[in-house]
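This is run.cif (mmCIF, C-alpha atoms and all ligand atoms).
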data_entry
loop_
_atom_site.label_atom_id
_atom_site.label_comp_id
_atom_site.auth_asym_id
_atom_site.auth_seq_id
_atom_site.Cartn_x
_atom_site.Cartn_y
_atom_site.Cartn_z
CA MET A 24 112.29 103.13 115.21
CA GLY A 25 110.89 102.25 111.84
CA GLU A 26 108.73 105.37 111.75
CA PRO A 27 108.42 106.79 108.24
CA PRO A 28 109.75 110.34 108.14
CA ASP A 29 107.22 113.16 108.15
CA GLU A 30 106.53 114.50 104.72
CA ASP A 31 106.89 118.11 103.67
CA ILE A 32 103.85 120.03 102.54
CA ARG A 33 104.15 121.73 99.16
CA CYS A 34 101.88 124.32 97.69
CA PHE A 35 101.37 125.29 94.06
CA GLN A 36 98.86 126.93 91.77
CA HIS A 37 98.20 125.34 88.44
CA CYS A 38 95.55 127.19 86.47
CA GLN A 39 93.60 129.25 89.01
CA ARG A 40 94.91 132.18 90.95
CA GLU A 41 92.32 131.74 93.71
CA VAL A 42 93.15 128.12 94.40
CA ASN A 43 96.21 126.73 96.14
CA ILE A 44 96.83 123.03 95.73
CA LEU A 45 98.57 121.55 98.78
CA CYS A 46 100.23 118.15 98.62
CA PHE A 47 103.26 116.07 99.60
CA ARG A 48 103.96 115.16 95.97
CA VAL A 49 102.65 117.17 93.07
CA PRO A 50 99.83 115.13 91.43
CA ASP A 51 100.31 114.13 87.78
CA PHE A 52 97.07 115.81 86.79
CA CYS A 53 95.70 119.12 88.02
CA PRO A 54 92.67 118.45 90.24
CA ILE A 55 90.95 121.53 88.82
CA CYS A 56 91.46 121.48 85.04
CA LYS A 57 92.68 117.87 84.77
CA ALA A 58 95.63 118.90 82.57
CA ASP A 59 98.91 117.00 82.82
CA VAL A 60 100.89 119.07 85.32
CA ARG A 61 104.24 117.92 83.91
CA LYS A 62 103.35 119.13 80.47
CA SER A 63 101.74 122.45 81.33
CA ALA A 64 102.83 125.58 83.12
CA SER A 65 101.84 126.14 86.73
CA ARG A 66 100.91 129.69 87.72
CA ILE A 67 103.02 129.26 90.85
CA PRO A 68 105.50 126.38 90.90
CA PRO A 69 105.56 124.18 94.02
CA TYR A 70 107.13 125.72 97.09
CA LEU A 71 107.60 124.37 100.59
CA ILE A 72 105.21 125.29 103.40
CA ILE A 73 107.39 125.89 106.42
CA SER A 74 106.61 123.40 109.16
CA PRO A 75 105.86 124.88 112.60
CA PHE A 76 107.95 122.14 114.21
CA THR A 77 111.56 122.51 115.22
CA ASP A 78 114.21 120.24 116.67
CA ALA A 79 114.78 121.62 120.17
CA ALA A 80 118.50 120.85 119.76
CA GLN A 81 118.60 123.56 117.09
CA THR A 82 117.16 126.20 119.43
CA GLN A 83 118.69 128.44 122.07
CA TYR A 84 117.13 130.16 125.05
CA SER A 85 113.68 128.97 124.12
CA VAL A 86 110.58 127.52 125.64
CA VAL A 87 109.85 124.24 123.89
CA ILE A 88 106.42 122.62 123.75
CA LYS A 89 105.24 119.15 122.74
CA PRO A 90 102.35 116.82 123.48
CA THR A 91 102.91 114.87 126.71
CA ILE A 92 102.23 111.70 124.74
CA GLY A 93 103.43 111.16 121.18
CA THR A 94 104.09 113.82 118.57
CA PHE A 95 102.17 116.79 117.24
CA LEU A 96 101.66 115.40 113.75
CA ARG A 97 100.54 111.96 114.79
CA ASP A 98 98.88 112.36 118.15
CA TYR A 99 97.90 115.95 118.90
CA THR A 100 94.28 116.97 119.45
CA ASN A 101 92.83 120.06 121.14
CA GLN A 102 92.48 117.94 124.26
CA SER A 103 96.11 116.80 124.36
CA ASN A 104 98.12 117.57 127.45
CA LEU A 105 101.23 119.55 126.66
CA HIS A 106 104.69 119.22 128.08
CA VAL A 107 107.05 122.21 128.19
CA GLY A 108 110.74 122.67 128.75
CA VAL A 109 113.49 125.24 128.37
CA THR A 110 116.61 125.09 126.23
CA ASP A 111 120.01 126.50 127.07
CA SER A 112 122.51 128.02 124.64
CA HIS A 113 123.45 124.55 123.31
CA GLY A 114 119.89 123.38 122.67
CA THR A 115 119.91 121.16 125.75
CA VAL A 116 116.33 120.72 126.97
CA TYR A 117 115.56 120.94 130.68
CA ASP A 118 112.12 119.74 131.64
CA TYR A 119 110.37 118.74 134.83
CA ASP A 120 108.13 115.70 135.17
CA GLU A 121 107.37 112.85 137.57
CA ASP A 122 111.05 111.82 137.35
CA GLY A 123 112.29 115.23 138.46
CA VAL A 124 114.29 117.45 136.11
CA ASN A 125 115.43 115.81 132.87
CA MET A 126 118.21 117.05 130.66
CA ASN A 127 118.03 116.12 126.99
CA SER A 128 115.25 113.61 127.36
CA PRO A 129 114.13 112.21 123.98
CA GLY A 130 111.11 113.34 121.99
CA TRP A 131 111.86 117.04 121.51
CA ASP A 132 112.88 116.81 117.86
CA LYS A 133 109.52 118.04 116.53
CA CYS A 134 108.37 120.59 119.02
CA VAL A 135 106.94 124.07 118.89
CA THR A 136 109.28 126.72 120.20
CA LEU A 137 108.96 130.16 121.72
CA ASP A 138 112.00 132.35 121.42
CA LEU A 139 111.82 134.69 124.38
CA THR A 140 115.05 136.53 123.74
CA GLN A 141 113.58 139.13 121.39
CA GLY A 142 113.98 142.52 122.98
CA VAL A 143 115.67 141.02 126.02
CA SER A 144 118.91 142.53 127.24
CA ASP A 145 122.21 140.64 127.21
CA LYS A 146 122.11 140.55 130.96
CA PHE A 147 119.43 137.83 130.87
CA ILE A 148 121.16 135.87 128.15
CA ARG A 149 124.62 135.86 129.68
CA SER A 150 123.38 134.31 132.90
CA TRP A 151 120.83 131.97 131.30
CA ASP A 152 122.86 128.71 131.15
CA GLU A 153 124.33 128.99 134.60
CA ASN A 154 121.02 130.01 136.14
CA LEU A 155 119.18 127.19 134.42
CA LEU A 156 121.64 124.61 135.73
CA VAL A 157 121.49 125.94 139.30
CA PHE A 158 117.72 126.41 139.15
CA SER A 159 117.13 122.85 137.95
CA GLN A 160 119.11 121.43 140.87
CA HIS A 161 117.00 123.23 143.45
CA SER A 162 115.04 121.06 145.88
CA ASP A 163 111.78 122.55 144.53
CA TRP A 164 112.14 120.31 141.51
CA THR A 165 112.59 116.85 142.95
CA LYS A 166 110.45 113.96 141.77
CA CYS A 167 108.62 113.74 145.10
CA ARG A 168 107.46 117.35 144.84
CA TYR A 169 106.02 116.82 141.37
CA ASP A 170 102.26 117.12 141.12
CA GLU A 171 100.55 116.60 137.79
CA SER A 172 98.22 119.56 138.22
CA SER A 173 99.68 121.92 140.81
CA TRP A 174 103.48 121.58 140.45
CA ASN A 175 104.47 120.51 136.99
CA CYS A 176 106.45 121.34 133.86
CA PHE A 177 104.71 124.70 133.44
CA ASP A 178 105.65 125.79 136.96
CA PHE A 179 109.24 124.83 136.25
CA VAL A 180 109.41 126.90 133.08
CA ILE A 181 107.50 129.90 134.41
CA GLN A 182 109.40 130.02 137.68
CA PHE A 183 112.71 129.79 135.85
CA LEU A 184 111.81 132.68 133.58
CA GLN A 185 110.64 134.66 136.59
CA ALA A 186 113.85 133.87 138.46
CA LEU A 187 115.73 135.31 135.51
CA GLY A 188 113.60 138.43 135.71
CA MET A 189 112.08 137.84 132.30
CA ASP A 190 108.65 138.77 133.64
CA GLN A 191 109.85 142.38 133.62
CA VAL A 192 110.07 142.12 129.85
CA TYR A 193 107.14 139.76 129.31
CA PRO A 194 104.28 140.39 131.78
CA GLN A 195 102.60 137.27 130.32
CA ILE A 196 105.04 135.19 132.35
CA ARG A 197 103.59 136.40 135.65
CA ASN A 198 101.16 133.53 135.93
CA ARG A 199 100.34 130.25 134.32
CA SER A 200 97.05 131.25 132.76
CA THR A 201 98.43 134.31 130.92
CA PHE A 202 101.50 132.30 129.92
CA CYS A 203 99.32 129.60 128.39
CA GLN A 204 96.77 131.99 126.93
CA GLU A 205 99.15 134.48 125.36
CA PHE A 206 102.26 132.44 124.61
CA VAL A 207 101.44 128.78 124.27
CA ARG A 208 97.94 128.98 122.79
CA PRO A 209 98.76 131.04 119.67
CA LYS A 210 101.63 128.65 118.89
CA THR A 211 99.61 125.48 119.29
CA TYR A 212 96.74 127.04 117.36
CA LYS A 213 99.03 127.63 114.40
CA ALA A 214 100.47 124.14 114.75
CA ALA A 215 96.97 122.68 114.82
CA GLN A 216 96.16 124.28 111.47
CA TYR A 217 99.26 122.72 109.93
CA ILE A 218 98.47 119.35 111.54
CA SER A 219 94.94 119.34 110.19
CA LEU A 220 96.17 120.20 106.70
CA TYR A 221 98.85 117.50 106.97
CA ARG A 222 96.32 114.85 107.97
CA ASP A 223 93.93 115.89 105.19
CA ILE A 224 96.68 115.58 102.60
CA LYS A 225 97.74 112.24 104.03
CA GLN A 226 94.20 110.97 103.63
CA LEU A 227 93.20 112.63 100.36
CA GLY A 228 96.49 113.01 98.48
CA TYR A 229 96.02 116.74 98.02
CA VAL A 230 93.88 119.60 99.32
CA CYS A 231 92.58 122.60 97.38
CA GLN A 232 92.22 125.80 99.36
CA PRO A 233 91.28 129.39 98.56
CA SER A 234 94.63 131.14 98.16
CA GLN A 235 93.96 133.74 100.90
CA ILE A 236 94.19 131.04 103.61
CA THR A 237 97.78 129.91 103.15
ZN ZN B 1 94.83 123.24 86.37
#
Final structure tokens representation of the file:
Amino acid sequence: MGEPPDEDIRCFQHCQREVNILCFRVPDFCPICKADVRKSASRIPPYLIISPFTDAAQTQYSVVIKPTIGTFLRDYTNQSNLHVGVTDSHGTVYDYDEDGVNMNSPGWDKCVTLDLTQGVSDKFIRSWDENLLVFSQHSDWTKCRYDESSWNCFDFVIQFLQALGMDQVYPQIRNRSTFCQEFVRPKTYKAAQYISLYRDIKQLGYVCQPSQIT
């Protein structure tokens, strides 16, 4: 809806090995030595920094995470509430909120994803879609049962994974606090670093960083 597309972050080194220059568009002149970048060699030519955000439709058997309001790049802060869902084999998102269970609700095109199928046996995967459909229709997940703090999207996701028996493979799924601490937190922490870099570049045009960081 008239939103400009998010820009990709590029990284290059012009004259100094210790300094990465991060930008959306390579500046005409090197911020360090002031040489014309088009007319001089760069130590490392621009390459794309992989965004931590994925379109949920492109995922399978994943936990998907986004801010409850808005998008990561524009709206996320450390205080943001997060909304989580689960995708099936076709990338259809199931999530639970005050309207009950939604399938393919909008707004999941730039989310953070957790692929939980690593090291999981086929047994879990084969029954995933069918179980998710049946699970989501259970009377536990009606809109009247929804409670913002005690019965919400996290309970839906965790209980589904437990119903599948995934907690045998991932003990972190056994309760909400370990799930958040050990699964969600590391992902949003990484996303937050990218977001902060993105916003700095948006404001300043480019950012110079010691090369060990990126
Ligand atoms: Zn330079």
_Pick from A:Arg48, A:His161, A:His106, A:Lys225, whichever lies nearest to Cys203 of chain A using all atoms listed in the file_ = A:His106
Using all atoms listed in the file, find each residue of chain A with at least one atom at most 7 Å away from an atom of ligand ZN 1 (chain B); report its shortest atom-to-atom pair and that distance in Å (one decimal), sort the rows by chain and rising residue number, and return the result as CSV.
residue,atom,partner,partner_atom,distance
A:His37,CA,B:ZN1,ZN,4.5
A:Cys38,CA,B:ZN1,ZN,4.0
A:Gln39,CA,B:ZN1,ZN,6.7
A:Cys53,CA,B:ZN1,ZN,4.5
A:Pro54,CA,B:ZN1,ZN,6.5
A:Ile55,CA,B:ZN1,ZN,4.9
A:Cys56,CA,B:ZN1,ZN,4.0
A:Lys57,CA,B:ZN1,ZN,6.0
A:Ala58,CA,B:ZN1,ZN,5.8
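Atom CA of Val180 of chain A sits 13.1 Å away from atom CA of Ser200 of chain A.
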*Residue neighbourhood Phe202 of chain A, 12 Å, only C-alpha atoms, exclusion window fewer than 4 positions, as a list in words*: Val86, Val107, Leu137, Leu139, Phe177, Asp178, Val180, Ile181, Gln182, Leu184, Gln185, Asp190, Tyr193, Pro194, Gln195, Ile196, Arg197, Asn198, Phe206, Val207, Arg208, Pro209 and Lys210 of chain A
*Pick out the closest residue to Gly108 of chain A from this set: A:Cys176, A:Asp122, A:Cys134, A:Glu171. Count all atoms listed in the file.*
A:Cys176
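You will find atom CA of Ala80 of chain A at 12.0 Å from atom CA of Val135 of chain A.
Proximity to Glu153 of chain A was assessed for A:Phe183, A:Asn125, A:Pro69, A:Arg61 counting all atoms listed in the file; the smallest distance is recorded for A:Phe183.
Here the question is which of A:Met126, A:Ile32, A:Leu155, A:Leu220 gets nearest to Phe47 of chain A using all atoms listed in the file, and that residue is A:Ile32.
Within 12 Å of the point (92.7, 130.0, 92.5), and counting only C-alpha atoms, the protein, DNA and RNA residues are Cys34, Phe35, Gln36, His37, Cys38, Gln39, Arg40, Glu41, Val42, Asn43, Ile44, Pro54, Ile55, Cys56, Ser65, Arg66, Ile67, Cys231, Gln232, Pro233, Ser234, Gln235, Ile236 and Thr237 of chain A.
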Output C-alpha atoms of each residue in that selection to a file, as a CSV table (one decimal), in the frame of the given file.
chain,number,residue,atom,x,y,z
A,34,CYS,CA,101.9,124.3,97.7
A,35,PHE,CA,101.4,125.3,94.1
A,36,GLN,CA,98.9,126.9,91.8
A,37,HIS,CA,98.2,125.3,88.4
A,38,CYS,CA,95.6,127.2,86.5
A,39,GLN,CA,93.6,129.2,89.0
A,40,ARG,CA,94.9,132.2,91.0
A,41,GLU,CA,92.3,131.7,93.7
A,42,VAL,CA,93.2,128.1,94.4
A,43,ASN,CA,96.2,126.7,96.1
A,44,ILE,CA,96.8,123.0,95.7
A,54,PRO,CA,92.7,118.4,90.2
A,55,ILE,CA,91.0,121.5,88.8
A,56,CYS,CA,91.5,121.5,85.0
A,65,SER,CA,101.8,126.1,86.7
A,66,ARG,CA,100.9,129.7,87.7
A,67,ILE,CA,103.0,129.3,90.8
A,231,CYS,CA,92.6,122.6,97.4
A,232,GLN,CA,92.2,125.8,99.4
A,233,PRO,CA,91.3,129.4,98.6
A,234,SER,CA,94.6,131.1,98.2
A,235,GLN,CA,94.0,133.7,100.9
A,236,ILE,CA,94.2,131.0,103.6
A,237,THR,CA,97.8,129.9,103.2
*Could you give me, as a PyMOL selection string, the residues that have an atom at most 7 Å away from the point (108.9, 121.0, 114.1) in the coordinates of the file, using only C-alpha atoms?*
chain A and resi 74-78+132-135
*In Å to one decimal, how far is atom CA of Asp163 of chain A from atom CA of Asp118 of chain A?*
13.2 Å
*So, counting only C-alpha atoms, which residue among A:Phe95, A:Phe147, A:Tyr221, A:Tyr212 is closest to Gly130 of chain A?*
A:Phe95
Report, as JSON, the centre and edge lengths in Å (one decimal) of the axis-aligned box enclosing every listed atom of segment 76-84 of chain A, padded by 5 Å on each side.
{"center_x": 113.3, "center_y": 125.2, "center_z": 119.6, "size_x": 20.7, "size_y": 19.9, "size_z": 20.8}
*Which residues, written as number ranges by chain, have at least one atom at most 12 Å from Gln141 of chain A, with all atoms listed in the file counted and residues fewer than 6 positions away on the same chain left out?*
A: 83-85, 147-148, 189, 192-193
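Closest approach to Ile72 of chain A among A:Cys46, A:Cys167, A:Val230, A:Val124: A:Cys46, based on only C-alpha atoms.
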